[in-house]
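Below: the structure, in structure tokens.
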Amino acid sequence: GSRFIVAGLLLFTWILIRRQPMPTPRQWLNALVVGTLMLAAGMGGVAHAEQTIGSGLVVAFIAVVPLMMATLNLLWGVRPGRLEWAGIAFGLIGVAMLTQGADFRASPEGLAAIIIATLSWSLGSVLSQRSLRLAPAASGFASEMLCGGVVLLLLSWSQGEAIALPTMSLATAAWVYLVTFGSLIAFNAYMVLLSSTSTALASSYTFVNPVIAMLLGVYVAHEYISRYEWLAAAMVLLGVVLMLAQKRR
């Protein structure tokens, strides 16, 4: 919660310096709904789920997000192209291959949390495209992060969690990293994609994330990657290429 509030305030400072227009009351309300769905229920749900279930199962559920978003878009009469469907299929197959052998033993509470998280993230993403438009560009992203961050802190307070800034140097570095790269750069990049491209292409990051995690394991933690896992990564990347091809067409 603090990560998104700080990132939102930094972004609003930049907006004020550039004298860009602030969100209207209606756009603030939209930001509250979308921020609650995507950040509070979505990211908050994932963080809660990861306390009791394995990361392999979390990745498998998150990889279904493009399919969830494509299904929700049908309510607005938006149908993915053939290449997008093929890309989703290859991406799901690749992620399923990557998670083979992962610890899939899970608690009912953790499973419920990850299901709610993925559904909420998908619904919030689609609504931001279709009916709950945010303020243009950075103003919309900043208002969504502020609203979502406040809701997250309220949820934390309701659970009796101690709210305090991290004191350990490693924890502080992780928090700063998430504010800068996770919120200001990566999350804003995703919202830009949602506002300018197809849902399938914007959500294709859910396929790429496991591949990035695997590569980081090789180069940072010196993990061994089998030929089977490299084949799975190739399937994931093929899925993304097919989505890009559909966009070009």
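Chain identifiers are assigned as A, B, and so on, following the order in which chains appear in the structure tokens; residues are numbered from 1 within each chain, and ligands are numbered from 1 in order of appearance.
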Rows by chain and residue number, region 89-183 of chain A within 12 Å of region 55-66 of chain A, shortest pair, only C-alpha atoms, as JSON lines:
{"residue": "A:Ala89", "atom": "CA", "partner": "A:Val64", "partner_atom": "CA", "distance": 9.9}
{"residue": "A:Phe90", "atom": "CA", "partner": "A:Ala63", "partner_atom": "CA", "distance": 11.1}
{"residue": "A:Gly91", "atom": "CA", "partner": "A:Ala63", "partner_atom": "CA", "distance": 7.7}
{"residue": "A:Leu92", "atom": "CA", "partner": "A:Ala63", "partner_atom": "CA", "distance": 6.4}
{"residue": "A:Ile93", "atom": "CA", "partner": "A:Ala63", "partner_atom": "CA", "distance": 9.7}
{"residue": "A:Gly94", "atom": "CA", "partner": "A:Ala63", "partner_atom": "CA", "distance": 9.7}
{"residue": "A:Val95", "atom": "CA", "partner": "A:Ala60", "partner_atom": "CA", "distance": 6.6}
{"residue": "A:Ala96", "atom": "CA", "partner": "A:Ala60", "partner_atom": "CA", "distance": 6.6}
{"residue": "A:Met97", "atom": "CA", "partner": "A:Ala60", "partner_atom": "CA", "distance": 9.8}
{"residue": "A:Leu98", "atom": "CA", "partner": "A:Gly56", "partner_atom": "CA", "distance": 8.4}
{"residue": "A:Thr99", "atom": "CA", "partner": "A:Gly56", "partner_atom": "CA", "distance": 5.4}
{"residue": "A:Gln100", "atom": "CA", "partner": "A:Gly56", "partner_atom": "CA", "distance": 8.3}
{"residue": "A:Gly101", "atom": "CA", "partner": "A:Gly56", "partner_atom": "CA", "distance": 8.6}
{"residue": "A:Ala102", "atom": "CA", "partner": "A:Gly56", "partner_atom": "CA", "distance": 5.3}
{"residue": "A:Asp103", "atom": "CA", "partner": "A:Gly56", "partner_atom": "CA", "distance": 6.6}
{"residue": "A:Phe104", "atom": "CA", "partner": "A:Leu57", "partner_atom": "CA", "distance": 5.7}
{"residue": "A:Arg105", "atom": "CA", "partner": "A:Leu57", "partner_atom": "CA", "distance": 8.5}
{"residue": "A:Ala106", "atom": "CA", "partner": "A:Leu57", "partner_atom": "CA", "distance": 8.2}
{"residue": "A:Ser107", "atom": "CA", "partner": "A:Leu57", "partner_atom": "CA", "distance": 11.3}
{"residue": "A:Gly110", "atom": "CA", "partner": "A:Val58", "partner_atom": "CA", "distance": 9.4}
{"residue": "A:Leu111", "atom": "CA", "partner": "A:Val58", "partner_atom": "CA", "distance": 8.8}
{"residue": "A:Ala112", "atom": "CA", "partner": "A:Phe61", "partner_atom": "CA", "distance": 11.2}
{"residue": "A:Ala113", "atom": "CA", "partner": "A:Val58", "partner_atom": "CA", "distance": 10.1}
{"residue": "A:Ile114", "atom": "CA", "partner": "A:Val58", "partner_atom": "CA", "distance": 6.8}
{"residue": "A:Ile115", "atom": "CA", "partner": "A:Phe61", "partner_atom": "CA", "distance": 7.4}
{"residue": "A:Ile116", "atom": "CA", "partner": "A:Phe61", "partner_atom": "CA", "distance": 10.5}
{"residue": "A:Ala117", "atom": "CA", "partner": "A:Ile62", "partner_atom": "CA", "distance": 8.8}
{"residue": "A:Thr118", "atom": "CA", "partner": "A:Ile62", "partner_atom": "CA", "distance": 6.2}
{"residue": "A:Leu119", "atom": "CA", "partner": "A:Val65", "partner_atom": "CA", "distance": 7.6}
{"residue": "A:Ser120", "atom": "CA", "partner": "A:Val65", "partner_atom": "CA", "distance": 9.9}
{"residue": "A:Trp121", "atom": "CA", "partner": "A:Val65", "partner_atom": "CA", "distance": 8.0}
{"residue": "A:Ser122", "atom": "CA", "partner": "A:Val65", "partner_atom": "CA", "distance": 6.1}
{"residue": "A:Leu123", "atom": "CA", "partner": "A:Val65", "partner_atom": "CA", "distance": 9.7}
{"residue": "A:Gly124", "atom": "CA", "partner": "A:Val65", "partner_atom": "CA", "distance": 11.5}
{"residue": "A:Ser125", "atom": "CA", "partner": "A:Val65", "partner_atom": "CA", "distance": 10.1}
{"residue": "A:Val126", "atom": "CA", "partner": "A:Pro66", "partner_atom": "CA", "distance": 10.6}
For the helix (DSSP H, G or I) assignment from backbone DSSP, which residues of region 40-241 of chain A qualify? Please present them as an MDAnalysis selection string. chainID A and resid 40:49 55:62 65:76 82:98 108:130 137:158 169:196 199:202 205:219 227:241
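Distances from A:Val33, A:Ala171, A:Ala200, A:Ala232 to Arg82 (chain A) were compared using only C-alpha atoms, and the smallest one belongs to A:Ala200.
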Need to verify the contact set: Thr180 (chain A), 9 Å, only C-alpha atoms, exclusion of same-chain residues closer than 5 positions in sequence. Can you return it as a CSV table (one decimal) with all heavy atoms, in the first residue's frame?
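What ended up in result_28.csv:
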chain,number,residue,atom,x,y,z
A,3,ARG,N,3.9,1.5,-1.0
A,3,ARG,CA,4.6,1.6,-2.3
A,3,ARG,C,3.8,2.3,-3.3
A,3,ARG,O,4.3,3.2,-4.0
A,3,ARG,CB,4.9,0.2,-2.7
A,3,ARG,CG,4.9,-0.1,-4.2
A,3,ARG,CD,4.8,-1.6,-4.5
A,3,ARG,NE,4.7,-1.8,-5.9
A,3,ARG,CZ,4.5,-3.0,-6.4
A,3,ARG,NH1,4.3,-4.1,-5.6
A,3,ARG,NH2,4.4,-3.2,-7.7
A,7,ALA,N,4.5,6.2,-4.9
A,7,ALA,CA,4.6,6.3,-6.4
A,7,ALA,C,3.6,7.2,-6.9
A,7,ALA,O,3.9,8.0,-7.8
A,7,ALA,CB,4.5,4.9,-7.0
A,175,TRP,N,11.9,-2.2,-1.0
A,175,TRP,CA,10.7,-1.3,-1.1
A,175,TRP,C,11.0,-0.2,-2.1
A,175,TRP,O,10.1,0.1,-2.9
A,175,TRP,CB,10.5,-0.7,0.3
A,175,TRP,CG,9.3,0.2,0.4
A,175,TRP,CD1,8.0,-0.2,0.6
A,175,TRP,CD2,9.3,1.6,0.3
A,175,TRP,NE1,7.2,0.9,0.6
A,175,TRP,CE2,8.0,2.0,0.5
A,175,TRP,CE3,10.3,2.6,0.2
A,175,TRP,CZ2,7.6,3.4,0.5
A,175,TRP,CZ3,9.9,3.9,0.1
A,175,TRP,CH2,8.6,4.3,0.3
A,185,ILE,N,7.4,2.4,-13.1
A,185,ILE,CA,7.8,2.0,-14.5
A,185,ILE,C,6.9,0.9,-15.0
A,185,ILE,O,6.2,1.1,-16.0
A,185,ILE,CB,9.3,1.6,-14.5
A,185,ILE,CG1,10.2,2.8,-14.2
A,185,ILE,CG2,9.6,1.1,-15.9
A,185,ILE,CD1,11.6,2.5,-14.1
A,186,ALA,N,7.0,-0.3,-14.3
A,186,ALA,CA,6.3,-1.4,-14.9
A,186,ALA,C,4.7,-1.3,-14.9
A,186,ALA,O,4.1,-1.6,-15.9
A,186,ALA,CB,6.7,-2.7,-14.1
Separation of CA of Thr36 (chain A) and CA of Leu127 (chain A), in Å?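 Pair CA of Thr36 (chain A) / CA of Leu127 (chain A) returns 12.0 Å.
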Separation of CA of Thr52 (chain A) from CA of Val211 (chain A), in Å and rounded to one decimal: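 We find that CA of Thr52 (chain A) and CA of Val211 (chain A) lie 23.1 Å from each other.
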Which residues are close to region 139-141 of chain A, i.e. within 10 Å by only C-alpha atoms, leaving aside same-chain residues fewer than 3 positions away? Reply as a ChimeraX atom specification. /A:7-8,11-12,14-16,20-24,27-28,30-31,35,133-136,144-146,183-184,187-189,191-192
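Minimum atom-to-atom distances from A:Gly182, A:Ala70, A:Ala86, A:Met168 to Met43 (chain A) were compared using only C-alpha atoms, and the lowest value belongs to A:Gly182.
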Please indicate the distance in Å from CA of Trp230 (chain A) to CA of Val208 (chain A), rounded to one decimal place. 13.0 Å
